[in-house]
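**Q** One structure is given below, represented as structure tokens, and several questions about it will come after.
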Amino acid sequence: MKTKKTHWLRNSIAILLLFCIGGLVLTCVQFFGNPDPTYATATIEFNFEGAADGIAPNGSMFNLSDITSEEVLTNALTECGMNEKYTVEQLQESLVTRGVYPDDFVGKVSSYESLLNFNTNHEASVSNYHATTYNVELYNDFDKSMPQDQLETLLKAIVASYKTFFAKAYANGLDRDDLSKLSERDYPQQMDIIEAYFNILSEYAMQMYARRPAFVYEGVSFNDISVRLESLIATDVDRLRADMTLNGLTRSLDRLKSQYTFEISDLQNQQKSQKVCLTRLDKLIESYEKNGIVYVSSGNSVTKIDNNASVTYDTLVGQRKSVTDDITDLGTRIITYEQQLADLEGDEDSIAAQSEADDAPETAEPQSESDRAEIVAAQTAVLESNIDALVTKSNAVLDDFENMLDAFNKQEINDRTVAVTSYNYITPKVLSGAFVVAAIKTAGPICAIGLMLCLVMIIHSRRREARQK
């Protein structure tokens, strides 16, 4: 009797085992017959300030697309000694980068705001979101037989090469070649080059200060560099320019006069064009209607909205002021060149008058031509010496600026701010999460069918036993 009561249990267990084994066999056939790809993966995190806005330490936009560049992959293959076995094109086709986005990202993308919502406080647009964490995946499509250690080694070399590239491409640098050939130019051009160069560097320092006002290196900020450069312009450059103009020092008087004449003509043309623009702006402002209303129909209702006529009017007035300032600035520059040209022509007249005096009967001890040449040579030597001293003084400022930039780069780009948080190797195997998922999807339904069959058998057996009683 006991055997009769327990035979259904043995039968149920056997059926379940049979279905489970069949499901696992089918899972293995499908899993290894059409396996998931094998790849090595790494996670890179950008933690420097501005990374969330997609802005690199040097102020330019960045993303992880550079990791597939020829420079990065070539260096990685060379580092691993695989440059003769694989090509950059093969790696580019097998390398995938994915940004890591928040879980509610899709919901934010699919949402929208009413065009009639004029509240100033809005959540940042999702289109402006920049990932700070990226997954880098290197598949073995270019060589299915590559061992795990080699694939991982190659991926680590690629990531290391990219970090080196990033530190070079997105660091802040300083170009110091602009003053290397000053002696080849005339003195006025040398002053223009020096002043323009100092202005560019001063603006660069102020941009760095605006991005990182709290950054201090040896008690000095980027703002201090800008102040020192502006001081060189306001004192040394202006003093040398005044000495040069007062003494009429030049390597070619005719060439300098031609330059000043051209500058005056060019500035006058610019001023004429700006005056025409000012006249048109005045007419436009006089005829502009400042107030206005726009009605927007929305279904059965009409919404009243003030248009932006006032904003446009204010913009026109601001543009007029800008044009007026340009005209004034151009006029000042024209007067300056005209005075310099007059000084040169006056010097030429003085030389001619002195020459006539030399030809006239001697009534007093005249200044000989050799004396004048010695004076000019002495003044020229002093000017050249002062220019060299200015360049030397500026080099001291630029040395400090360069050291600050190096310290800033080390702070912003290092193993903590561009960090590799993990490496993984993914391949189809029985002891893996992917196989468990495949087994649940394939063997699960088969086991469920076996379980239902066992339940049917148990119910049928119970009913038959009940009828026999």
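Ligands are numbered from 1 in the order shown, residues from 1 within each chain, and chains are lettered A, B, ... in the order they appear in the structure tokens.
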Which neighbours of A:Ser252 fall inside 12 Å, counting only C-alpha atoms, when residues of the same chain fewer than 2 positions from it are skipped, and could you give them as a PyMOL selection string?

**A** chain A and resi 185-189+248-250+254-259+344

**Q** With only C-alpha atoms as the counted atoms, please give the residues lying no more than 8 Å from stretch 140-149 of chain A, apart from itself and same-chain residues fewer than 5 positions off, as a PDB file with C-alpha atoms, in the first residue's frame.

**A**
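Writing done, so here's around.pdb:
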```pdb
ATOM      1  CA  PRO A  37      30.297  38.242 -27.942  1.00  0.00           C
ATOM      2  CA  THR A  38      33.479  38.090 -25.902  1.00  0.00           C
ATOM      3  CA  TYR A  39      34.945  41.408 -24.827  1.00  0.00           C
ATOM      4  CA  GLN A  90      40.520  46.542 -36.850  1.00  0.00           C
ATOM      5  CA  LEU A  91      40.527  48.041 -33.368  1.00  0.00           C
ATOM      6  CA  SER A  94      35.854  46.469 -32.388  1.00  0.00           C
ATOM      7  CA  TYR A 425      36.291  40.244 -18.998  1.00  0.00           C
TER       8      TYR A 425
END
```

**Q** Given only C-alpha atoms as the basis, pick out the residue of A:Thr332, A:Asn83, A:Thr392, A:Asn403 nearest to A:Leu174.

**A**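 Distance minimum relative to A:Leu174 lands on A:Asn403.
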
**Q** Mind checking which residues fall within 10 Å of A:Leu278, counting only C-alpha atoms, ignoring those fewer than 5 positions away in the same chain, and posting them as an NGL selection string?

**A** :A and (272-273 or 283-284 or 319-324 or 327)

**Q** Would you mind listing what lies within 12 Å of A:Val216 as a list in words, with only C-alpha atoms counted and same-chain residues fewer than 2 positions away left out?

**A**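 Surrounding residues, per the criterion: Met208, Tyr209, Arg212, Pro213, Ala214, Glu218, Gly219, Val220, Ser221, Phe222, Asn223, Asp224, Ile225, Phe401, Asn403, Met404, Leu405, Ala407, Phe408 and Gln411 of chain A.
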
**Q** Write out, as a CSV table (one decimal), in the first residue's frame, the residues just selected, with N, CA, C and O atoms.

**A**
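The new file again.csv reads:
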```csv
chain,number,residue,atom,x,y,z
A,208,MET,N,41.8,82.1,-17.6
A,208,MET,CA,42.1,81.1,-16.6
A,208,MET,C,41.6,81.5,-15.2
A,208,MET,O,41.1,80.7,-14.4
A,209,TYR,N,41.7,82.8,-14.9
A,209,TYR,CA,41.3,83.3,-13.5
A,209,TYR,C,39.8,83.2,-13.4
A,209,TYR,O,39.2,82.9,-12.4
A,212,ARG,N,38.9,79.5,-12.8
A,212,ARG,CA,39.3,79.0,-11.5
A,212,ARG,C,39.9,80.1,-10.7
A,212,ARG,O,41.1,80.2,-10.4
A,213,PRO,N,39.0,81.0,-10.2
A,213,PRO,CA,39.5,82.1,-9.4
A,213,PRO,C,40.1,81.7,-8.1
A,213,PRO,O,40.9,82.5,-7.5
A,214,ALA,N,39.8,80.5,-7.6
A,214,ALA,CA,40.4,80.1,-6.3
A,214,ALA,C,41.7,79.4,-6.4
A,214,ALA,O,42.4,79.2,-5.4
A,218,GLU,N,51.9,79.1,-5.2
A,218,GLU,CA,53.0,79.8,-4.5
A,218,GLU,C,52.5,81.3,-4.2
A,218,GLU,O,53.2,82.2,-4.3
A,219,GLY,N,51.2,81.4,-3.7
A,219,GLY,CA,50.7,82.6,-3.3
A,219,GLY,C,50.3,83.6,-4.4
A,219,GLY,O,49.9,84.7,-4.2
A,220,VAL,N,50.3,83.1,-5.7
A,220,VAL,CA,50.0,83.9,-6.8
A,220,VAL,C,48.8,83.3,-7.6
A,220,VAL,O,48.8,82.1,-7.8
A,221,SER,N,47.9,84.1,-8.1
A,221,SER,CA,46.8,83.6,-8.9
A,221,SER,C,47.0,84.1,-10.4
A,221,SER,O,47.9,84.8,-10.7
A,222,PHE,N,46.1,83.6,-11.2
A,222,PHE,CA,46.3,83.9,-12.7
A,222,PHE,C,46.0,85.4,-12.8
A,222,PHE,O,46.5,86.1,-13.8
A,223,ASN,N,45.2,86.0,-12.0
A,223,ASN,CA,44.9,87.4,-12.1
A,223,ASN,C,46.2,88.3,-11.9
A,223,ASN,O,46.4,89.3,-12.5
A,224,ASP,N,47.1,87.8,-11.0
A,224,ASP,CA,48.4,88.5,-10.8
A,224,ASP,C,49.2,88.5,-12.0
A,224,ASP,O,49.9,89.5,-12.3
A,225,ILE,N,49.2,87.4,-12.8
A,225,ILE,CA,50.0,87.4,-14.0
A,225,ILE,C,49.4,88.4,-15.0
A,225,ILE,O,50.2,89.1,-15.7
A,401,PHE,N,54.1,82.2,-15.3
A,401,PHE,CA,52.8,81.8,-15.9
A,401,PHE,C,52.9,80.3,-16.3
A,401,PHE,O,51.9,79.6,-16.1
A,403,ASN,N,54.8,77.9,-15.1
A,403,ASN,CA,54.8,77.1,-13.9
A,403,ASN,C,53.4,77.0,-13.3
A,403,ASN,O,53.0,75.9,-12.8
A,404,MET,N,52.7,78.0,-13.3
A,404,MET,CA,51.3,78.0,-12.8
A,404,MET,C,50.4,77.1,-13.7
A,404,MET,O,49.6,76.3,-13.1
A,405,LEU,N,50.6,77.2,-15.0
A,405,LEU,CA,49.8,76.3,-15.9
A,405,LEU,C,50.2,74.8,-15.7
A,405,LEU,O,49.3,74.0,-15.7
A,407,ALA,N,51.3,73.5,-12.9
A,407,ALA,CA,50.6,73.1,-11.6
A,407,ALA,C,49.1,72.9,-11.7
A,407,ALA,O,48.6,72.0,-11.2
A,408,PHE,N,48.5,73.8,-12.5
A,408,PHE,CA,47.1,73.7,-12.7
A,408,PHE,C,46.7,72.4,-13.5
A,408,PHE,O,45.8,71.7,-13.2
A,411,GLN,N,46.9,69.4,-11.3
A,411,GLN,CA,45.8,69.4,-10.4
A,411,GLN,C,44.5,68.9,-11.1
A,411,GLN,O,43.7,68.1,-10.5
```

**Q** Which residues in stretch 59-226 of chain A does DSSP call strand (DSSP E)? List them as a list in words.

**A** Leu95, Val96, Thr97, Arg98, Gly99, Thr133, Tyr134, Asn135, Val136, Glu137, Leu138 and Tyr139 of chain A

**Q** DSSP on the backbone, then: every residue of stretch 35-193 of chain A marked alpha helix (DSSP H), written as number ranges by chain.

**A** A: 70-80, 88-94, 105-110, 148-169, 187-193

**Q** So that I can see what lies close to A:Glu402, please list as JSON, numbers by chain the residues with an atom at most 12 Å from it, counting only C-alpha atoms and leaving out residues fewer than 2 positions away in the same chain.

**A** {"A": [171, 172, 173, 174, 175, 176, 201, 204, 205, 217, 222, 225, 395, 396, 397, 398, 399, 400, 404, 405, 406, 407, 408, 409]}

**Q** Skip A:Asp266 itself and residues of its chain fewer than 5 positions away, then list as JSON, numbers by chain all residues within 12 Å of it, counting only C-alpha atoms.

**A** {"A": [259, 260, 261, 271, 272, 273, 330, 331, 333, 334, 337]}

**Q** For the residues selected in the previous step, produce a file with N, CA and C atoms as a PDB file, in the first residue's frame.

**A**
```
ATOM      1  N   GLN A 259      53.895 103.059 -44.268  1.00  0.00           N
ATOM      2  CA  GLN A 259      53.037 102.287 -43.369  1.00  0.00           C
ATOM      3  C   GLN A 259      52.015 103.194 -42.688  1.00  0.00           C
ATOM      4  N   TYR A 260      52.469 104.333 -42.167  1.00  0.00           N
ATOM      5  CA  TYR A 260      51.553 105.252 -41.481  1.00  0.00           C
ATOM      6  C   TYR A 260      50.502 105.785 -42.447  1.00  0.00           C
ATOM      7  N   THR A 261      50.916 106.090 -43.677  1.00  0.00           N
ATOM      8  CA  THR A 261      49.962 106.575 -44.676  1.00  0.00           C
ATOM      9  C   THR A 261      48.898 105.518 -44.972  1.00  0.00           C
ATOM     10  N   GLN A 271      36.202 104.040 -40.655  1.00  0.00           N
ATOM     11  CA  GLN A 271      35.386 105.059 -39.994  1.00  0.00           C
ATOM     12  C   GLN A 271      34.221 105.493 -40.883  1.00  0.00           C
ATOM     13  N   LYS A 272      34.483 105.605 -42.166  1.00  0.00           N
ATOM     14  CA  LYS A 272      33.414 105.969 -43.098  1.00  0.00           C
ATOM     15  C   LYS A 272      32.324 104.908 -43.120  1.00  0.00           C
ATOM     16  N   SER A 273      32.728 103.650 -43.138  1.00  0.00           N
ATOM     17  CA  SER A 273      31.756 102.562 -43.137  1.00  0.00           C
ATOM     18  C   SER A 273      30.937 102.551 -41.849  1.00  0.00           C
ATOM     19  N   LEU A 330      38.367 104.832 -33.717  1.00  0.00           N
ATOM     20  CA  LEU A 330      39.039 104.951 -35.016  1.00  0.00           C
ATOM     21  C   LEU A 330      39.579 106.358 -35.219  1.00  0.00           C
ATOM     22  N   GLY A 331      38.796 107.367 -34.808  1.00  0.00           N
ATOM     23  CA  GLY A 331      39.255 108.747 -34.938  1.00  0.00           C
ATOM     24  C   GLY A 331      40.506 109.016 -34.113  1.00  0.00           C
ATOM     25  N   ARG A 333      42.788 106.793 -33.249  1.00  0.00           N
ATOM     26  CA  ARG A 333      43.911 106.114 -33.881  1.00  0.00           C
ATOM     27  C   ARG A 333      44.379 106.862 -35.127  1.00  0.00           C
ATOM     28  N   ILE A 334      43.451 107.453 -35.869  1.00  0.00           N
ATOM     29  CA  ILE A 334      43.827 108.232 -37.055  1.00  0.00           C
ATOM     30  C   ILE A 334      44.666 109.440 -36.650  1.00  0.00           C
ATOM     31  N   TYR A 337      48.232 108.356 -35.733  1.00  0.00           N
ATOM     32  CA  TYR A 337      49.090 108.086 -36.900  1.00  0.00           C
ATOM     33  C   TYR A 337      49.434 109.373 -37.656  1.00  0.00           C
TER      34      TYR A 337
END
```

**Q** Would you please work out which residue, of A:Phe165, A:Phe215, A:Tyr313, A:Phe198, is nearest to A:Ser69 when using only C-alpha atoms?

**A** A:Phe165
